[in-house]
file protein.csv (CSV, C-alpha atoms)
chain,number,residue,atom,x,y,z
A,1,MET,CA,60.7,29.3,52.0
A,2,PRO,CA,59.9,33.0,51.6
A,3,GLN,CA,62.2,35.4,53.6
A,4,THR,CA,60.7,37.9,55.9
A,5,LYS,CA,62.0,41.4,55.4
A,6,VAL,CA,63.0,43.2,58.6
A,7,SER,CA,63.0,47.0,58.8
A,8,PRO,CA,66.2,48.7,59.9
A,9,VAL,CA,64.5,50.0,63.1
A,10,SER,CA,63.6,46.4,64.0
A,11,GLN,CA,67.1,45.3,63.3
A,12,ASP,CA,68.4,48.0,65.7
A,13,LYS,CA,66.0,46.8,68.4
A,14,ILE,CA,67.0,43.2,68.0
A,15,ALA,CA,70.7,44.1,68.1
A,16,ALA,CA,70.1,46.1,71.3
A,17,HIS,CA,68.2,43.2,72.9
A,18,ASP,CA,70.9,40.7,72.0
A,19,CYS,CA,73.6,43.0,73.5
A,20,GLY,CA,71.6,43.6,76.6
A,21,SER,CA,71.8,39.9,77.5
A,22,ALA,CA,75.6,40.1,77.6
A,23,MET,CA,76.1,43.7,78.9
A,24,ALA,CA,73.7,46.3,80.3
A,25,LYS,CA,73.5,49.4,78.1
A,26,PRO,CA,75.0,52.4,79.9
A,27,GLN,CA,72.5,55.1,80.9
A,28,LEU,CA,73.1,58.7,79.8
A,29,VAL,CA,72.6,61.3,82.4
A,30,VAL,CA,71.4,64.6,80.9
A,31,ALA,CA,72.1,67.7,83.0
A,32,PRO,CA,69.2,69.9,83.6
A,33,VAL,CA,69.1,73.0,81.4
A,34,ALA,CA,69.1,76.3,83.3
A,35,THR,CA,66.5,78.7,82.2
A,36,SER,CA,68.0,82.2,81.5
A,37,LYS,CA,66.2,85.2,82.7
A,38,LEU,CA,68.0,87.4,80.1
A,39,SER,CA,65.8,88.9,77.4
A,40,VAL,CA,66.4,90.7,74.1
A,41,ASN,CA,63.6,93.0,75.1
A,42,ALA,CA,65.2,94.1,78.4
A,43,PRO,CA,65.9,97.8,78.8
A,44,GLU,CA,69.4,99.1,78.0
A,45,PHE,CA,71.8,99.0,80.9
A,46,TYR,CA,73.5,102.2,82.2
A,47,PRO,CA,76.1,102.5,85.0
A,48,SER,CA,75.0,104.2,88.2
A,49,GLY,CA,75.3,108.0,88.0
A,50,TYR,CA,75.2,108.0,84.1
A,51,ASN,CA,72.6,110.1,82.4
A,52,PRO,CA,71.4,108.3,79.2
A,53,SER,CA,69.9,111.4,77.8
A,54,PHE,CA,73.3,113.1,78.0
A,55,THR,CA,75.4,113.5,74.8
A,56,ASP,CA,78.6,115.4,74.1
A,57,SER,CA,76.6,118.2,72.6
A,58,SER,CA,74.3,118.5,75.6
A,59,PHE,CA,76.0,121.8,76.7
A,60,GLU,CA,76.4,123.3,73.2
A,61,ASP,CA,73.1,125.2,73.6
A,62,GLY,CA,73.9,126.5,77.1
A,63,CYS,CA,71.2,126.1,79.6
A,64,ASP,CA,68.5,125.4,77.0
A,65,GLY,CA,66.5,122.3,78.0
A,66,TYR,CA,67.4,122.7,81.6
A,67,PRO,CA,64.6,124.1,83.8
A,68,THR,CA,66.9,125.0,86.7
A,69,LEU,CA,70.5,126.0,87.3
A,70,THR,CA,70.8,123.0,89.7
A,71,GLU,CA,70.0,120.5,86.9
A,72,TYR,CA,72.4,122.1,84.5
A,73,VAL,CA,75.3,122.3,86.9
A,74,GLN,CA,74.7,118.8,88.3
A,75,ASP,CA,74.6,117.3,84.8
A,76,PHE,CA,77.9,118.9,84.0
A,77,LEU,CA,79.5,117.8,87.3
A,78,ASN,CA,78.4,114.2,86.6
A,79,HIS,CA,79.8,114.5,83.1
A,80,LEU,CA,83.2,115.5,84.5
A,81,THR,CA,83.1,112.7,87.0
A,82,GLU,CA,82.5,110.1,84.2
A,83,GLN,CA,84.8,111.8,81.6
A,84,PRO,CA,87.4,114.0,83.3
A,85,GLY,CA,89.3,114.3,80.1
A,86,CYS,CA,86.6,116.7,78.8
A,87,PHE,CA,87.6,119.4,81.3
A,88,GLU,CA,89.9,121.3,78.9
A,89,THR,CA,87.5,121.3,76.0
A,90,GLU,CA,84.3,122.1,77.8
A,91,ILE,CA,85.1,124.2,80.8
A,92,GLU,CA,85.3,127.5,78.8
A,93,HIS,CA,81.8,127.1,77.4
A,94,PHE,CA,80.5,126.0,80.8
A,95,ALA,CA,81.8,129.2,82.4
A,96,GLU,CA,80.4,131.4,79.6
A,97,THR,CA,77.0,129.8,80.1
A,98,LEU,CA,77.1,130.4,83.9
A,99,ASN,CA,78.0,134.1,83.3
A,100,GLY,CA,74.7,134.4,81.4
A,101,TRP,CA,72.7,132.6,84.2
A,102,VAL,CA,74.4,133.4,87.5
A,103,THR,CA,73.7,137.1,87.8
A,104,THR,CA,72.6,137.4,91.4
A,105,ASP,CA,73.9,136.3,94.8
A,106,GLU,CA,71.4,133.4,95.3
A,107,PRO,CA,72.4,131.3,92.2
A,108,LEU,CA,76.1,132.0,92.9
A,109,GLN,CA,75.7,130.5,96.4
A,110,GLU,CA,73.8,127.6,94.9
A,111,LEU,CA,76.6,127.0,92.4
A,112,VAL,CA,79.2,127.0,95.2
A,113,GLU,CA,77.2,124.5,97.3
A,114,LEU,CA,76.7,122.1,94.3
A,115,ILE,CA,80.4,122.0,93.5
A,116,TYR,CA,81.3,121.6,97.2
A,117,ARG,CA,78.9,118.7,97.7
A,118,GLN,CA,80.2,116.9,94.6
A,119,ALA,CA,83.9,117.4,95.6
A,120,THR,CA,83.3,116.0,99.1
A,121,SER,CA,80.8,113.2,98.4
A,122,VAL,CA,82.0,111.7,95.1
A,123,PRO,CA,85.2,109.6,95.3
A,124,ASN,CA,88.1,110.9,93.3
A,125,PHE,CA,86.4,114.2,92.4
A,126,SER,CA,88.3,116.4,94.9
A,127,TYR,CA,91.1,117.1,92.4
A,128,MET,CA,88.7,117.9,89.5
A,129,GLY,CA,86.6,119.9,91.8
A,130,ALA,CA,89.6,122.0,92.9
A,131,ARG,CA,90.5,122.6,89.2
A,132,LEU,CA,86.9,123.7,88.5
A,133,CYS,CA,86.9,126.1,91.4
A,134,ASN,CA,90.2,127.6,90.3
A,135,TYR,CA,88.9,128.2,86.8
A,136,LEU,CA,85.5,129.7,87.9
A,137,SER,CA,87.2,131.9,90.4
A,138,HIS,CA,89.0,133.6,87.5
A,139,HIS,CA,86.3,133.5,84.9
A,140,LEU,CA,83.0,134.2,86.6
A,141,THR,CA,82.2,137.9,86.1
A,142,ILE,CA,79.6,138.3,88.9
A,143,ASN,CA,80.9,140.0,92.0
A,144,PRO,CA,78.1,140.7,94.4
A,145,GLN,CA,78.4,142.4,97.8
A,146,SER,CA,78.3,139.1,99.6
A,147,GLY,CA,81.5,138.1,97.9
A,148,ASN,CA,82.7,136.6,94.7
A,149,PHE,CA,82.9,132.9,93.9
A,150,ARG,CA,86.2,132.3,95.6
A,151,GLN,CA,85.2,134.1,98.8
A,152,LEU,CA,81.9,132.2,99.0
A,153,LEU,CA,83.8,128.9,98.5
A,154,LEU,CA,86.2,129.7,101.3
A,155,GLN,CA,83.3,130.7,103.6
A,156,ARG,CA,81.6,127.4,102.8
A,157,CYS,CA,84.9,125.5,103.7
A,158,ARG,CA,85.2,127.5,106.9
A,159,THR,CA,81.9,126.3,108.1
A,160,GLU,CA,83.1,122.7,107.9
A,161,TYR,CA,86.6,123.7,109.2
A,162,GLU,CA,85.3,125.1,112.5
A,163,ASN,CA,83.7,121.8,113.4
A,164,ARG,CA,87.0,119.9,112.9
A,165,ASP,CA,87.5,118.8,116.5
A,166,GLN,CA,84.0,117.4,116.8
A,167,ALA,CA,84.2,115.7,113.4
A,168,ALA,CA,87.5,114.0,114.2
A,169,LYS,CA,86.0,112.6,117.3
A,170,GLY,CA,82.6,111.7,115.7
A,171,ASP,CA,81.3,108.3,114.5
A,172,GLU,CA,82.6,106.5,111.4
A,173,ALA,CA,80.2,108.3,109.0
A,174,THR,CA,81.0,111.7,110.4
A,175,ARG,CA,84.8,111.1,110.2
A,176,LYS,CA,84.4,109.8,106.6
A,177,GLN,CA,82.7,113.0,105.5
A,178,PHE,CA,85.3,115.0,107.4
A,179,HIS,CA,88.2,113.2,105.7
A,180,ALA,CA,86.6,114.0,102.3
A,181,PHE,CA,86.6,117.7,103.2
A,182,VAL,CA,90.2,117.5,104.4
A,183,LEU,CA,91.4,116.1,101.1
A,184,PHE,CA,89.4,118.6,99.1
A,185,LEU,CA,90.9,121.4,101.0
A,186,ALA,CA,94.3,120.0,100.3
A,187,GLU,CA,93.5,120.0,96.6
A,188,LEU,CA,92.3,123.6,96.8
A,189,TYR,CA,95.6,124.6,98.4
A,190,LEU,CA,97.5,123.1,95.5
A,191,ASN,CA,95.2,124.3,92.7
A,192,LEU,CA,93.5,127.5,93.8
A,193,GLU,CA,95.6,130.4,92.4
A,194,ILE,CA,95.4,133.9,93.8
A,195,LYS,CA,97.0,136.9,92.2
A,196,GLY,CA,99.1,139.1,94.5
A,197,THR,CA,99.3,142.8,94.5
A,198,LYS,CA,102.1,142.7,92.0
A,199,GLY,CA,100.4,140.3,89.7
A,200,GLN,CA,102.3,137.2,91.0
A,201,VAL,CA,100.5,133.9,91.4
A,202,MET,CA,100.2,132.8,95.0
A,203,ARG,CA,98.5,130.1,97.0
A,204,ALA,CA,95.8,130.9,99.5
A,205,GLU,CA,97.6,131.7,102.8
A,206,ILE,CA,94.5,130.9,104.8
A,207,LEU,CA,94.4,127.3,103.4
A,208,GLN,CA,98.0,126.7,104.6
A,209,THR,CA,97.0,127.7,108.1
A,210,GLY,CA,93.9,125.6,107.9
A,211,LEU,CA,95.7,122.4,106.8
A,212,ARG,CA,98.1,122.8,109.8
A,213,GLU,CA,95.1,122.9,112.2
A,214,LEU,CA,93.4,120.0,110.4
A,215,LEU,CA,96.5,117.9,110.9
A,216,ASN,CA,96.5,118.7,114.6
A,217,ALA,CA,92.8,117.6,114.8
A,218,LEU,CA,93.6,114.3,113.1
A,219,PHE,CA,96.7,113.5,115.2
A,220,SER,CA,94.8,114.5,118.4
A,221,ASN,CA,92.4,111.7,117.8
A,222,PRO,CA,94.7,108.9,116.5
A,223,VAL,CA,92.2,106.3,115.3
A,224,ASP,CA,93.2,104.4,112.2
A,225,ASN,CA,91.1,106.3,109.6
A,226,ASN,CA,92.1,109.7,111.0
A,227,LEU,CA,95.8,108.7,110.7
A,228,ILE,CA,95.3,107.3,107.2
A,229,CYS,CA,93.7,110.6,106.2
A,230,ALA,CA,96.7,112.5,107.7
A,231,VAL,CA,99.1,110.3,105.7
A,232,LYS,CA,97.2,111.1,102.5
A,233,LEU,CA,97.2,114.8,103.3
A,234,LEU,CA,100.9,114.9,103.9
A,235,LYS,CA,101.8,112.8,100.9
A,236,LEU,CA,99.7,115.2,98.8
A,237,THR,CA,100.9,118.5,100.2
A,238,GLY,CA,103.9,117.8,102.5
A,239,SER,CA,106.6,119.1,100.2
A,240,VAL,CA,104.7,122.3,99.4
A,241,LEU,CA,103.8,122.9,103.0
A,242,GLU,CA,107.3,122.4,104.2
A,243,ASP,CA,108.8,124.7,101.6
A,244,ALA,CA,106.2,127.4,102.5
A,245,TRP,CA,107.0,127.0,106.2
A,246,LYS,CA,110.7,127.1,105.7
A,247,GLU,CA,110.4,130.4,103.8
A,248,LYS,CA,108.9,131.9,106.9
A,249,GLY,CA,111.5,130.3,109.2
A,250,LYS,CA,109.0,127.9,110.7
A,251,THR,CA,109.7,124.4,111.9
A,252,ASP,CA,106.2,123.2,111.6
A,253,MET,CA,107.1,120.1,109.6
A,254,ASP,CA,109.6,119.0,112.2
A,255,GLU,CA,106.9,119.3,114.9
A,256,MET,CA,104.6,117.3,112.7
A,257,VAL,CA,107.1,114.5,112.3
A,258,GLN,CA,107.7,114.4,116.0
A,259,ARG,CA,103.9,114.0,116.5
A,260,ILE,CA,104.0,111.1,114.1
A,261,GLU,CA,106.8,109.4,115.9
A,262,ASN,CA,104.9,109.8,119.2
A,263,VAL,CA,101.8,108.3,117.7
A,264,VAL,CA,103.8,105.3,116.5
A,265,LEU,CA,105.2,104.8,120.0
A,266,ASP,CA,102.1,105.4,122.1
A,267,ALA,CA,98.9,105.2,120.0
A,268,ASN,CA,96.9,102.0,119.9
A,269,CYS,CA,96.6,102.0,116.1
A,270,SER,CA,97.0,99.0,113.9
A,271,ARG,CA,100.4,97.7,112.8
A,272,ASP,CA,99.6,98.5,109.1
A,273,VAL,CA,98.9,102.2,110.0
A,274,LYS,CA,102.1,102.4,112.0
A,275,GLN,CA,104.0,101.1,108.9
A,276,MET,CA,102.3,103.8,106.8
A,277,LEU,CA,103.4,106.5,109.3
A,278,LEU,CA,107.0,105.2,109.3
A,279,LYS,CA,107.0,105.2,105.5
A,280,LEU,CA,105.8,108.8,105.6
A,281,VAL,CA,108.7,109.8,107.9
A,282,GLU,CA,111.1,108.0,105.5
A,283,LEU,CA,109.6,109.9,102.5
A,284,ARG,CA,110.1,113.2,104.3
A,285,SER,CA,113.7,112.3,105.1
A,286,SER,CA,114.3,111.8,101.4
A,287,ASN,CA,113.0,115.4,100.7
A,288,TRP,CA,109.6,114.0,99.7
A,289,GLY,CA,111.1,112.0,96.9
A,290,ARG,CA,112.4,115.1,95.1
A,291,VAL,CA,115.8,114.8,93.4
A,292,HIS,CA,118.0,117.9,93.2
A,293,VAL,CA,120.7,117.8,90.5
A,294,THR,CA,124.0,119.5,91.6
A,295,SER,CA,124.7,122.6,89.6
A,296,THR,CA,128.5,122.1,89.4
A,297,TYR,CA,130.1,119.0,88.0
A,298,ARG,CA,132.7,117.3,90.0
A,299,GLU,CA,134.8,114.4,88.8
A,300,ALA,CA,134.0,111.2,90.7
A,301,THR,CA,136.8,110.1,93.1
A,302,PRO,CA,136.9,107.5,95.8
A,303,GLU,CA,136.6,110.3,98.4
A,304,ASN,CA,133.4,112.0,97.1
A,305,ASP,CA,131.6,109.0,95.4
A,306,PRO,CA,130.7,106.0,97.6
A,307,ASN,CA,129.9,104.0,94.4
A,308,TYR,CA,133.2,104.8,92.7
A,309,PHE,CA,134.4,101.2,92.8
A,310,MET,CA,131.0,99.6,92.1
A,311,ASN,CA,131.8,98.8,88.4
A,312,GLU,CA,135.4,97.9,88.9
A,313,PRO,CA,136.5,94.3,87.8
A,314,THR,CA,137.1,91.6,90.3
A,315,PHE,CA,140.5,89.8,90.3
A,316,TYR,CA,141.6,86.7,92.2
A,317,THR,CA,144.9,85.9,93.9
A,318,SER,CA,146.8,82.7,93.5
A,319,GLU,CA,144.8,81.4,96.6
A,320,GLY,CA,141.5,82.2,94.9
A,321,VAL,CA,140.8,85.2,97.2
A,322,PRO,CA,138.9,88.0,95.3
A,323,PHE,CA,140.1,91.6,95.3
A,324,THR,CA,139.1,94.9,93.6
A,325,ALA,CA,140.6,98.3,93.3
A,326,ALA,CA,138.9,99.3,96.5
A,327,ASP,CA,141.2,97.0,98.6
A,328,PRO,CA,144.1,98.8,100.4
A,329,ASP,CA,146.7,96.4,99.0
A,330,TYR,CA,145.3,96.4,95.5
A,331,GLN,CA,148.5,97.5,93.8
A,332,GLU,CA,150.6,94.7,95.5
A,333,LYS,CA,148.0,92.0,94.6
A,334,TYR,CA,147.6,93.2,91.1
A,335,GLN,CA,151.4,93.2,90.5
A,336,GLU,CA,151.5,89.7,91.8
A,337,LEU,CA,148.8,88.8,89.2
A,338,LEU,CA,150.9,90.3,86.4
A,339,ASP,CA,154.0,88.4,87.5
A,340,ARG,CA,152.1,85.2,87.4
A,341,GLU,CA,151.0,85.9,83.8
A,342,ASP,CA,154.6,86.1,82.8
A,343,PHE,CA,154.7,82.3,83.0
A,344,PHE,CA,152.6,82.3,79.8
A,345,PRO,CA,154.3,85.0,77.6
A,346,ASP,CA,153.1,83.6,74.3
A,347,TYR,CA,149.3,83.9,75.0
A,348,GLU,CA,147.0,86.8,75.6
A,349,GLU,CA,144.2,86.7,78.1
A,350,ASN,CA,141.7,85.7,75.5
A,351,GLY,CA,143.8,82.7,74.5
A,352,THR,CA,145.1,84.1,71.2
A,353,ASP,CA,148.3,82.3,70.1
A,354,LEU,CA,151.2,84.8,69.7
A,355,SER,CA,153.9,82.2,69.1
A,356,GLY,CA,153.4,82.0,65.4
A,357,ALA,CA,154.4,78.9,63.3
A,358,GLY,CA,156.5,76.2,64.7
A,359,ASP,CA,154.7,75.4,67.9
A,360,PRO,CA,155.1,71.6,68.4
A,361,TYR,CA,151.7,71.2,69.9
A,362,PHE,CA,149.6,73.2,67.6
A,363,ASP,CA,151.5,72.1,64.5
A,364,ASP,CA,150.2,68.6,65.2
A,365,ILE,CA,146.6,69.6,65.0
A,366,ASP,CA,145.0,68.9,61.6
A,367,ASP,CA,142.6,71.5,60.4
A,368,GLU,CA,140.7,69.0,58.3
A,369,MET,CA,137.5,67.4,59.7
A,370,ASP,CA,137.2,63.6,60.2
A,371,PRO,CA,135.3,62.1,57.1
A,372,GLU,CA,132.4,60.9,59.3
A,373,ILE,CA,132.0,64.3,60.9
A,374,GLU,CA,132.3,66.0,57.5
A,375,GLU,CA,129.6,63.8,56.0
A,376,ALA,CA,127.3,64.3,59.0
A,377,TYR,CA,127.9,68.1,58.7
A,378,GLU,CA,126.9,68.1,55.1
A,379,LYS,CA,123.7,66.2,55.8
A,380,PHE,CA,122.9,68.6,58.5
A,381,CYS,CA,123.4,71.6,56.1
A,382,LEU,CA,121.2,70.0,53.4
A,383,GLU,CA,118.4,69.2,55.9
A,384,SER,CA,118.5,72.7,57.3
A,385,GLU,CA,118.3,74.2,53.8
A,386,ARG,CA,115.4,71.9,52.9
A,387,LYS,CA,113.4,72.9,56.0
A,388,ARG,CA,114.1,76.5,55.3
A,389,LYS,CA,112.6,76.3,51.8
A,390,GLN,CA,109.4,74.6,53.0
call {"tool": "encode", "arguments": {"input": "protein.csv", "output": "structure tokens"}}
result
Amino acid sequence: MPQTKVSPVSQDKIAAHDCGSAMAKPQLVVAPVATSKLSVNAPEFYPSGYNPSFTDSSFEDGCDGYPTLTEYVQDFLNHLTEQPGCFETEIEHFAETLNGWVTTDEPLQELVELIYRQATSVPNFSYMGARLCNYLSHHLTINPQSGNFRQLLLQRCRTEYENRDQAAKGDEATRKQFHAFVLFLAELYLNLEIKGTKGQVMRAEILQTGLRELLNALFSNPVDNNLICAVKLLKLTGSVLEDAWKEKGKTDMDEMVQRIENVVLDANCSRDVKQMLLKLVELRSSNWGRVHVTSTYREATPENDPNYFMNEPTFYTSEGVPFTAADPDYQEKYQELLDREDFFPDYEENGTDLSGAGDPYFDDIDDEMDPEIEEAYEKFCLESERKRKQ
């Protein structure tokens, strides 16, 4: 009888049919494939505030390619915001370019306004803005009748300063802008250098007075964000302000700490803000975290060093009571300890035998290993050597 040839595909179907009678074939569930919206043709992504046309050589040709002073300065400010490490290498060329462009009163005022807005509106630019202002105040050559760069800058700050009481009482947006101004003024106080009549470098006296009044405005309206701003201001400038006030014999910082303590007791601020204020008082009590090394060396004694006995060893009496050299009856207890050790004259503290040969106990100890132990030890050594060579 001729045999019928069955194709492999038919065999698979038959096998599947036979198995289906005994057991149902499991169904595979295929998860839906998400369609991506990404495309290789999408435009290149740039962070917000980043100028894709900017390169490190953008300022090499000065103001060429910039139709206005505003665009040139704003690009440089944005560049410093993104890459603050470029300040040292590019600030000199920037100032030289400005000296060729800013030749009248109007562009100078425009320059001051651009830097002021950047320092009070861009987060974390207040320090860099203060450094920039200090450099330009010494390197811009223009000196019109309306005032030089530093004088115009201080006039611009005074405009905001005179509205301090209204700003501290204003809505949240107004207070936020006011706080940015306060911190920028604090950075100016620390970074703006003024040469005295004898050539000495000084800080702006008017800024010191201004910061005092700004603190009064903040503490007079003790809402949370005003108090947080005051804490930031004092952490930043507290040590410098106190030193300056002390040189004049003033106790302004003591008065400020008293106001803080009153706020903690009376104001309806949050618990976290009260903790911040208390931490600030603690910081001031530690001299703002500054450590002064004593000029003369004194040998440590129990009388002048409270940690004199910190590293002394601890001993124990016969009853197990610990004692150290700081205890009043240390000598008596230590002598008792020495007397107890005389019961074992032939041994040191580390257990070394000083008795020499002839000790009945130690003479009975055989230095040779048991044969089984010795054999096991040899196997261990050989196995370790074999593993090391692999």
call {"tool": "atom_distance", "arguments": {"input": "protein.csv", "atom1": "atom CA of A:Leu382", "atom2": "atom CA of A:Asp370"}}
result
18.5 Å
call {"tool": "residues_around", "arguments": {"input": "protein.csv", "residues": "stretch 112-125 of chain A", "least_positions_apart": "3", "cutoff": "8 Å", "atoms": "all atoms listed in the file", "output": "PyMOL selection string"}}
result
chain A and resi 70+73-74+77+81+108-109+128-130+133+149+152-153+156+177+180-181+184
call {"tool": "atom_distance", "arguments": {"input": "protein.csv", "atom1": "atom CA of A:Trp101", "atom2": "atom CA of A:Arg131"}}
result
21.0 Å
call {"tool": "atom_distance", "arguments": {"input": "protein.csv", "atom1": "atom CA of A:Ile194", "atom2": "atom CA of A:Gly249"}}
result
22.6 Å
call {"tool": "residues_around", "arguments": {"input": "protein.csv", "residues": "A:Glu106", "least_positions_apart": "4", "cutoff": "10 Å", "atoms": "all atoms listed in the file", "output": "number ranges by chain"}}
result
A: 102, 110-111, 144, 146
call {"tool": "closest_residue", "arguments": {"input": "protein.csv", "among": "A:Trp245, A:Tyr72, A:Tyr127, A:Tyr377", "to": "A:Glu187", "atoms": "all atoms listed in the file"}}
result
A:Tyr127
call {"tool": "residues_around", "arguments": {"input": "protein.csv", "residues": "A:Asn287", "least_positions_apart": "3", "cutoff": "12 Å", "atoms": "only C-alpha atoms", "output": "list in words"}}
result
Lys235, Gly238, Ser239, Val240, Glu242, Asp243, Met253, Leu280, Val281, Glu282, Leu283, Arg284, Arg290, Val291 and His292 of chain A
call {"tool": "closest_residue", "arguments": {"input": "protein.csv", "among": "A:Thr317, A:Asp165, A:Thr237, A:Phe219", "to": "A:Glu261", "atoms": "only C-alpha atoms"}}
result
A:Phe219
call {"tool": "decode", "arguments": {"input": "protein.csv", "residues": "stretch 68-144 of chain A", "atoms": "C-alpha atoms", "output": "short mmCIF file (atom, residue, chain, number, x, y, z; two decimals), in the first residue's frame"}}
result
data_model
loop_
_atom_site.label_atom_id
_atom_site.label_comp_id
_atom_site.auth_asym_id
_atom_site.auth_seq_id
_atom_site.Cartn_x
_atom_site.Cartn_y
_atom_site.Cartn_z
CA THR A 68 22.53 97.35 20.47
CA LEU A 69 24.32 97.61 23.79
CA THR A 70 21.40 95.86 25.47
CA GLU A 71 21.81 92.70 23.39
CA TYR A 72 25.56 92.60 23.91
CA VAL A 73 25.39 93.07 27.68
CA GLN A 74 22.40 90.73 28.13
CA ASP A 75 24.18 87.96 26.22
CA PHE A 76 27.22 88.36 28.44
CA LEU A 77 25.10 88.28 31.61
CA ASN A 78 23.33 85.13 30.45
CA HIS A 79 26.71 83.63 29.65
CA LEU A 80 27.95 84.33 33.19
CA THR A 81 24.77 82.84 34.59
CA GLU A 82 25.32 79.59 32.70
CA GLN A 83 29.11 79.50 33.09
CA PRO A 84 30.21 81.53 36.14
CA GLY A 85 33.71 80.06 35.90
CA CYS A 86 34.35 82.24 32.82
CA PHE A 87 34.31 85.42 34.91
CA GLU A 88 38.05 85.61 35.49
CA THR A 89 39.01 84.95 31.87
CA GLU A 90 36.45 87.15 30.11
CA ILE A 91 35.69 90.08 32.40
CA GLU A 92 38.72 92.13 31.33
CA HIS A 93 37.82 91.98 27.64
CA PHE A 94 34.18 92.74 28.47
CA ALA A 95 35.16 95.89 30.37
CA GLU A 96 37.45 97.02 27.52
CA THR A 97 34.61 96.60 25.03
CA LEU A 98 32.27 98.62 27.24
CA ASN A 99 34.81 101.42 27.45
CA GLY A 100 34.64 101.69 23.68
CA TRP A 101 30.85 101.68 23.62
CA VAL A 102 29.64 103.34 26.84
CA THR A 103 30.80 106.90 26.25
CA THR A 104 27.77 108.91 27.38
CA ASP A 105 25.42 109.05 30.33
CA GLU A 106 22.50 107.24 28.70
CA PRO A 107 24.25 103.93 27.86
CA LEU A 108 25.88 103.94 31.31
CA GLN A 109 22.48 104.12 33.00
CA GLU A 110 21.25 101.40 30.66
CA LEU A 111 24.21 99.20 31.67
CA VAL A 112 23.48 99.72 35.38
CA GLU A 113 19.81 98.83 34.90
CA LEU A 114 20.62 95.62 32.97
CA ILE A 115 23.01 94.37 35.65
CA TYR A 116 20.63 95.33 38.45
CA ARG A 117 17.70 93.47 36.85
CA GLN A 118 19.81 90.37 36.24
CA ALA A 119 21.10 90.34 39.82
CA THR A 120 17.63 90.73 41.35
CA SER A 121 15.62 88.50 39.02
CA VAL A 122 17.86 85.54 38.19
CA PRO A 123 18.33 83.07 41.07
CA ASN A 124 21.89 82.75 42.39
CA PHE A 125 23.22 85.64 40.29
CA SER A 126 23.41 88.14 43.16
CA TYR A 127 26.98 87.14 44.09
CA MET A 128 28.21 87.18 40.49
CA GLY A 129 26.38 90.46 39.89
CA ALA A 130 28.12 92.03 42.91
CA ARG A 131 31.53 90.89 41.65
CA LEU A 132 30.74 92.29 38.21
CA CYS A 133 29.69 95.62 39.71
CA ASN A 134 32.89 95.83 41.74
CA TYR A 135 35.08 95.17 38.69
CA LEU A 136 33.27 97.67 36.46
CA SER A 137 33.33 100.34 39.17
CA HIS A 138 37.14 100.25 39.02
CA HIS A 139 37.66 99.70 35.28
CA LEU A 140 35.03 101.74 33.44
CA THR A 141 36.66 105.00 32.37
CA ILE A 142 33.52 107.05 31.76
CA ASN A 143 32.77 109.58 34.49
CA PRO A 144 29.86 111.83 33.43
#
